[in-house]
Every structure is written in C-alpha cells, then in structure tokens.
Amino acid sequence: MKILGITAEYNPFHRGHQYHLEQAKEITGADITLVAMSGDFTQRGEPAIEDKWKRSKDAVQSGADLVFELPFLFACNRAPYFAAGGVDHLIAAGATHISFGCEADDPADLLQLAADLQANRDELRAQTQANMQAGVSYAKAYESATAAILGEDAAGLILQPNNILAVEYLKRIGFWNEQGKDVVAVPVKRTGSGYRDSDDETAYAGASFIRQNLGKTDVRRFLTEETAQLLLGEDNGRSTADDYAKAKARYFDMLKAALLRSESAELRDLYCIGEGLENRFLSEIAKADSLDAFVSGMVSKRYTAAAVQRMMTYILMGLKKETADRLMEHYLQDNLQEGAGATRYMRILAASRKGRDYIKTFKKENDQENDLQIITNRNKQMPSDPYSGELLELDGKAADLYNALFGRRLYDSSDKVLRPYIES
C-alpha cells in the first residue's frame, strides 16, 4: 500500500489545506491518508480556534482517512521538535510517503538544502549556539548560521514559515532514510496567499488571516463547506469568534493568577524558562492590561512572540523542565543514536470508513508485537510504555486547560469521556 502521511494543525481547515491534501494524494497515488494533527494547542503556543475533536472530524469529512493526535509536547514546541514528532509518529503508523507544504518555486531546492543542512549539522549547531549567546532568537541564530556556512541563498529559503517546517520535515525524513526506512518526501508548493494573507482571486487565505478576521469580515470563501458550517454557524446564540475572544480573556486571567502565586525559583524549573526570564514574566504581568500587551512586552531580540506564547502555555500547564527534557531525550535523542522509533501509541481522533478498516488491519499486524498501541478509548486504554503514558497524560491535561479556557464543563469535555468520530 501507498500510505500518505501529513502533519497538520488545521487551525482551521481551509481551502489551502484541501488543495494540499488533493495534490499530495494525486502525486503519490495514495491508498490511504493519515494525519498527525496538533491537539488543542498549536505550535505557536495558542489555543486552537476549535477543539481537536471538531477539527479532526472536519479533516475526515474533507478527505483525510485517519487523524490521530500529535502529542502536546511535540505539537506545542519549536519547529525541529514539531516536525520530528510528526514524522516519527507518521512512520510508526505506517506512512510510506510524507507530504508538506512549501513556499519554494522549485521544491528540489529544498531537498538539496535539507541534505546540506544534515551534512553540516554539527557545525550549524555550534554556530547557532554561538549566535544565540549574542542575544538573538533561535530562528534568527539558525538563519545566520545557515547564511555563514551555506550561503545567503540557502538562508533565504528558510525565511518563509512553510519552508522552515518543510526543511525540518526533510531533515527528519532524511535521517530515517539513513536508518533504512524507505519513506518518500512529497513537498507541495503552496498556492494563493501567504500564511497571514488572503488572495481574493484564487479564494485562498492563510489560517492566521482567517482566525484574525473571523467575525469581522466574510471569510466563508476561504473555507471548505464543512469548516464554514463549523465556524460560522451559531450555537444557541454563541459564535466561534465570540467564544475564542472570551477564551483569550480567560487565558490572560489564568496566566495572571499563575504568575501571582509563583516564585522566581518555581518559574525557573519550568520548560524553556530561565536566564532571568522568570523575573521578566513577573515584572511584565504587573504592567500588562491585556494578553496581547503582555506578549508585546515580553518579545525581544532573543524571544519571539511564538516562543513567549509557548512559555505562557507551559506555565499554565505547570510543565517542568526535567519532565520535558527527559521525554524529549527518550523520544528524539535515543532515536537519533539508535535509529529505532520510540513511538508507542497512536491516539485516534477521527477516521473515515477506510481509516477504520486500516485501524483493524494495523492492530492485527502490530499489537501482538506491542510496536504501537492504538488508543480509541482513553478511559480504558493506557500505553504500557511509561514514557508514552506520561505523554498521554500531558495531552489530557492540555485538553482540560483548553476546555477551562472555553468555559466548558471539564468532565463532559474530558479526554476520558469523548470518543473519536468514526464513520460507520
């Protein structure tokens, strides 16, 4: 079988996503399409505009066959971890082809760039660390290191958001190719607008543009029919735009409460927070009168808005540095050294009839060897591997935080209660 894998956020699923899905299927001739999708928090650290259950159902109704959750620790993290987590989970789930969007006029240029980055990874890592010592963000430090070692043209290729992730996907796929995994990379050039823009002529718009303009202008033309019904319909007089605005306000209140009760030493123990940043969090929260104002006050040459937003979510999650580093080392560093996948579970969010059949076949072929546990009922199933159990607990905690932000009754919306959407 040709099994197409895609890592996505679908925040929300729009016509550009549908274009990518259709193109990737056509290019690969895929028999089935798997999606590793972010849960309730995105790579930029923000709560998704709709929960993972609604977004995954929308994806299946729009052409995906099987959607499973990319664990929070990878989904809400920097590009290298987001991409590596997605690729590893897709490969563990059986993907033979992995597709992603890109901004490059010639995707072959990205393939060459990824190979060059992989070949020079030690030198690039050292140069990036040296650049960060000068007080710039990881992204800027990496870009400068790439320019110094591979040239300005190479650095220019990774400036666009889609290319940043595309290169990371290619690097990770290249690593698994070196380990003997026959996985094919399938870049698809993005069409229409950029991530934050819209193009009325082609009726394509980026997810960020859609989120920012939801409830302000008519964005229906940029959405699939399923997503339009999900986002633009009203439920008992409530709209998605109103709910999301209220969730952001609750987020700010919860962050203030968390920081007010925290000591500097406690914040230093949390993931990605250190180097005096804990004191700045405490200082800025006393001055900010909104979430956006707080983020703006925290942004610097060293820390981008996305990095700040991720750290804010880590604070609300209480995610300890020791926990995150230990799990990352187990899942990624051990993989890199030993060349054996550490992924041990796949949490199903939604499936088509074809996806349902794939689950049954996959279970028969894999469960006996305990290679990968398929989880459809979180209340009754837990991974036997303790590391995977910790990852799954973090996903449940993130879902509870998300539901609290949206004012939902936690029990009714819990990961232990809700079940996947599976077509009959």
# chains A, B, ... in the order shown; residues from 1 in each chain; ligands from 1
call {"tool": "select_by_dssp", "arguments": {"residues": "range 164-379 of chain A", "states": "strand (DSSP E or B)", "output": "mmCIF file with C-alpha atoms, in the first residue's frame"}}
result
data_model
loop_
_atom_site.group_PDB
_atom_site.id
_atom_site.type_symbol
_atom_site.label_atom_id
_atom_site.label_comp_id
_atom_site.auth_asym_id
_atom_site.auth_seq_id
_atom_site.Cartn_x
_atom_site.Cartn_y
_atom_site.Cartn_z
ATOM 1 C CA VAL A 184 9.431 9.368 0.389
ATOM 2 C CA ALA A 185 9.229 13.136 0.952
ATOM 3 C CA VAL A 186 6.489 14.865 -1.064
ATOM 4 C CA PRO A 187 6.736 18.691 -0.971
ATOM 5 C CA VAL A 188 3.763 20.566 -2.468
ATOM 6 C CA LYS A 189 4.165 24.215 -3.407
ATOM 7 C CA SER A 198 -5.508 36.358 1.589
ATOM 8 C CA ASP A 199 -5.941 36.184 -2.168
ATOM 9 C CA TYR A 204 -7.100 31.116 -0.733
ATOM 10 C CA ALA A 205 -6.157 32.576 2.639
ATOM 11 C CA LEU A 214 -13.354 35.650 11.846
ATOM 12 C CA THR A 217 -15.173 40.149 7.603
ATOM 13 C CA LEU A 223 -13.175 27.817 3.889
ATOM 14 C CA ASP A 235 -24.846 27.545 18.615
ATOM 15 C CA ARG A 238 -22.861 31.891 20.531
ATOM 16 C CA LEU A 270 9.534 25.165 34.049
ATOM 17 C CA LYS A 320 8.588 21.024 34.379
ATOM 18 C CA TYR A 345 0.895 4.764 20.884
ATOM 19 C CA MET A 346 -1.479 6.425 18.425
ATOM 20 C CA ARG A 347 -4.451 8.327 19.877
ATOM 21 C CA ILE A 348 -7.239 8.269 17.284
ATOM 22 C CA LEU A 349 -9.316 11.430 16.893
ATOM 23 C CA ALA A 350 -11.334 10.685 13.734
ATOM 24 C CA ALA A 351 -11.500 8.113 10.947
ATOM 25 C CA GLN A 373 -0.799 0.705 20.669
ATOM 26 C CA ILE A 374 -3.940 2.093 19.039
ATOM 27 C CA ILE A 375 -5.998 4.107 21.538
#
call {"tool": "residues_around", "arguments": {"residues": "His89 in chain A", "least_positions_apart": "2", "cutoff": "10 Å", "atoms": "only C-alpha atoms", "output": "list of chain:residue names"}}
result
A:Gly5, A:Thr7, A:Val35, A:Ala36, A:Phe68, A:Glu69, A:Leu70, A:Pro71, A:Ala83, A:Ala84, A:Gly85, A:Gly86, A:Val87, A:Ile91, A:Ala92, A:Ala93, A:Gly94, A:Ala95, A:Gly341, A:Ala342, A:Thr343, A:Arg344, A:Tyr345, A:Met346, A:Leu372
call {"tool": "write_last_selection", "arguments": {"atoms": "C-alpha atoms", "output": "PDB file, in the first residue's frame"}}
result
ATOM      1  CA  GLY A   5       1.218  10.928   5.953  1.00  0.00           C
ATOM      2  CA  THR A   7       1.468  16.621   9.902  1.00  0.00           C
ATOM      3  CA  VAL A  35      -2.796  12.923   9.550  1.00  0.00           C
ATOM      4  CA  ALA A  36      -0.834  13.595  12.740  1.00  0.00           C
ATOM      5  CA  PHE A  68      -4.542  10.956  15.301  1.00  0.00           C
ATOM      6  CA  GLU A  69      -3.186  13.368  17.878  1.00  0.00           C
ATOM      7  CA  LEU A  70       0.344  14.716  17.704  1.00  0.00           C
ATOM      8  CA  PRO A  71       1.229  14.783  21.426  1.00  0.00           C
ATOM      9  CA  ALA A  83       8.483  18.230  12.651  1.00  0.00           C
ATOM     10  CA  ALA A  84      10.429  15.355  14.215  1.00  0.00           C
ATOM     11  CA  GLY A  85       7.472  14.361  16.375  1.00  0.00           C
ATOM     12  CA  GLY A  86       5.152  14.411  13.369  1.00  0.00           C
ATOM     13  CA  VAL A  87       7.464  12.433  11.092  1.00  0.00           C
ATOM     14  CA  ILE A  91       6.340   6.497  10.206  1.00  0.00           C
ATOM     15  CA  ALA A  92       5.327   4.455  13.248  1.00  0.00           C
ATOM     16  CA  ALA A  93       1.757   4.494  11.911  1.00  0.00           C
ATOM     17  CA  GLY A  94       2.934   3.038   8.603  1.00  0.00           C
ATOM     18  CA  ALA A  95       3.402   6.069   6.328  1.00  0.00           C
ATOM     19  CA  GLY A 341      11.418   4.539  16.785  1.00  0.00           C
ATOM     20  CA  ALA A 342      10.340   5.218  20.345  1.00  0.00           C
ATOM     21  CA  THR A 343       6.707   5.984  19.477  1.00  0.00           C
ATOM     22  CA  ARG A 344       4.479   3.537  21.299  1.00  0.00           C
ATOM     23  CA  TYR A 345       0.895   4.764  20.884  1.00  0.00           C
ATOM     24  CA  MET A 346      -1.479   6.425  18.425  1.00  0.00           C
ATOM     25  CA  LEU A 372       2.346   0.620  18.573  1.00  0.00           C
TER      26      LEU A 372
END
call {"tool": "residues_around", "arguments": {"residues": "Glu103 in chain A", "least_positions_apart": "2", "cutoff": "8 Å", "atoms": "only C-alpha atoms", "output": "list in words"}}
result
Gly101, Asp105, Gln160, Asn162, Asn163, Lys189 and Arg190 of chain A
call {"tool": "write_last_selection", "arguments": {"atoms": "N, CA and C atoms", "output": "PDB file, in the first residue's frame"}}
result
ATOM      1  N   GLY A 101       3.533  21.304   2.869  1.00  0.00           N
ATOM      2  CA  GLY A 101       3.550  22.469   2.014  1.00  0.00           C
ATOM      3  C   GLY A 101       4.882  23.177   2.056  1.00  0.00           C
ATOM      4  N   ASP A 105       9.827  27.922  -5.131  1.00  0.00           N
ATOM      5  CA  ASP A 105       9.399  27.785  -6.524  1.00  0.00           C
ATOM      6  C   ASP A 105       9.749  26.411  -7.065  1.00  0.00           C
ATOM      7  N   GLN A 160      10.555  31.790   4.946  1.00  0.00           N
ATOM      8  CA  GLN A 160       9.101  31.662   4.947  1.00  0.00           C
ATOM      9  C   GLN A 160       8.665  30.598   5.959  1.00  0.00           C
ATOM     10  N   ASN A 162       6.352  28.292   5.982  1.00  0.00           N
ATOM     11  CA  ASN A 162       6.188  26.932   5.455  1.00  0.00           C
ATOM     12  C   ASN A 162       7.519  26.276   5.124  1.00  0.00           C
ATOM     13  N   ASN A 163       8.500  27.062   4.672  1.00  0.00           N
ATOM     14  CA  ASN A 163       9.804  26.490   4.354  1.00  0.00           C
ATOM     15  C   ASN A 163      10.566  26.085   5.603  1.00  0.00           C
ATOM     16  N   LYS A 189       4.051  22.759  -3.457  1.00  0.00           N
ATOM     17  CA  LYS A 189       4.165  24.215  -3.407  1.00  0.00           C
ATOM     18  C   LYS A 189       2.834  24.838  -3.014  1.00  0.00           C
ATOM     19  N   ARG A 190       2.900  25.735  -2.036  1.00  0.00           N
ATOM     20  CA  ARG A 190       1.710  26.436  -1.587  1.00  0.00           C
ATOM     21  C   ARG A 190       1.169  27.307  -2.719  1.00  0.00           C
TER      22      ARG A 190
END
call {"tool": "atom_distance", "arguments": {"atom1": "CA of Arg220 in chain A", "atom2": "CA of Met37 in chain A"}}
result
22.9 Å
call {"tool": "atom_distance", "arguments": {"atom1": "CA of Ala228 in chain A", "atom2": "CA of Leu66 in chain A"}}
result
21.3 Å
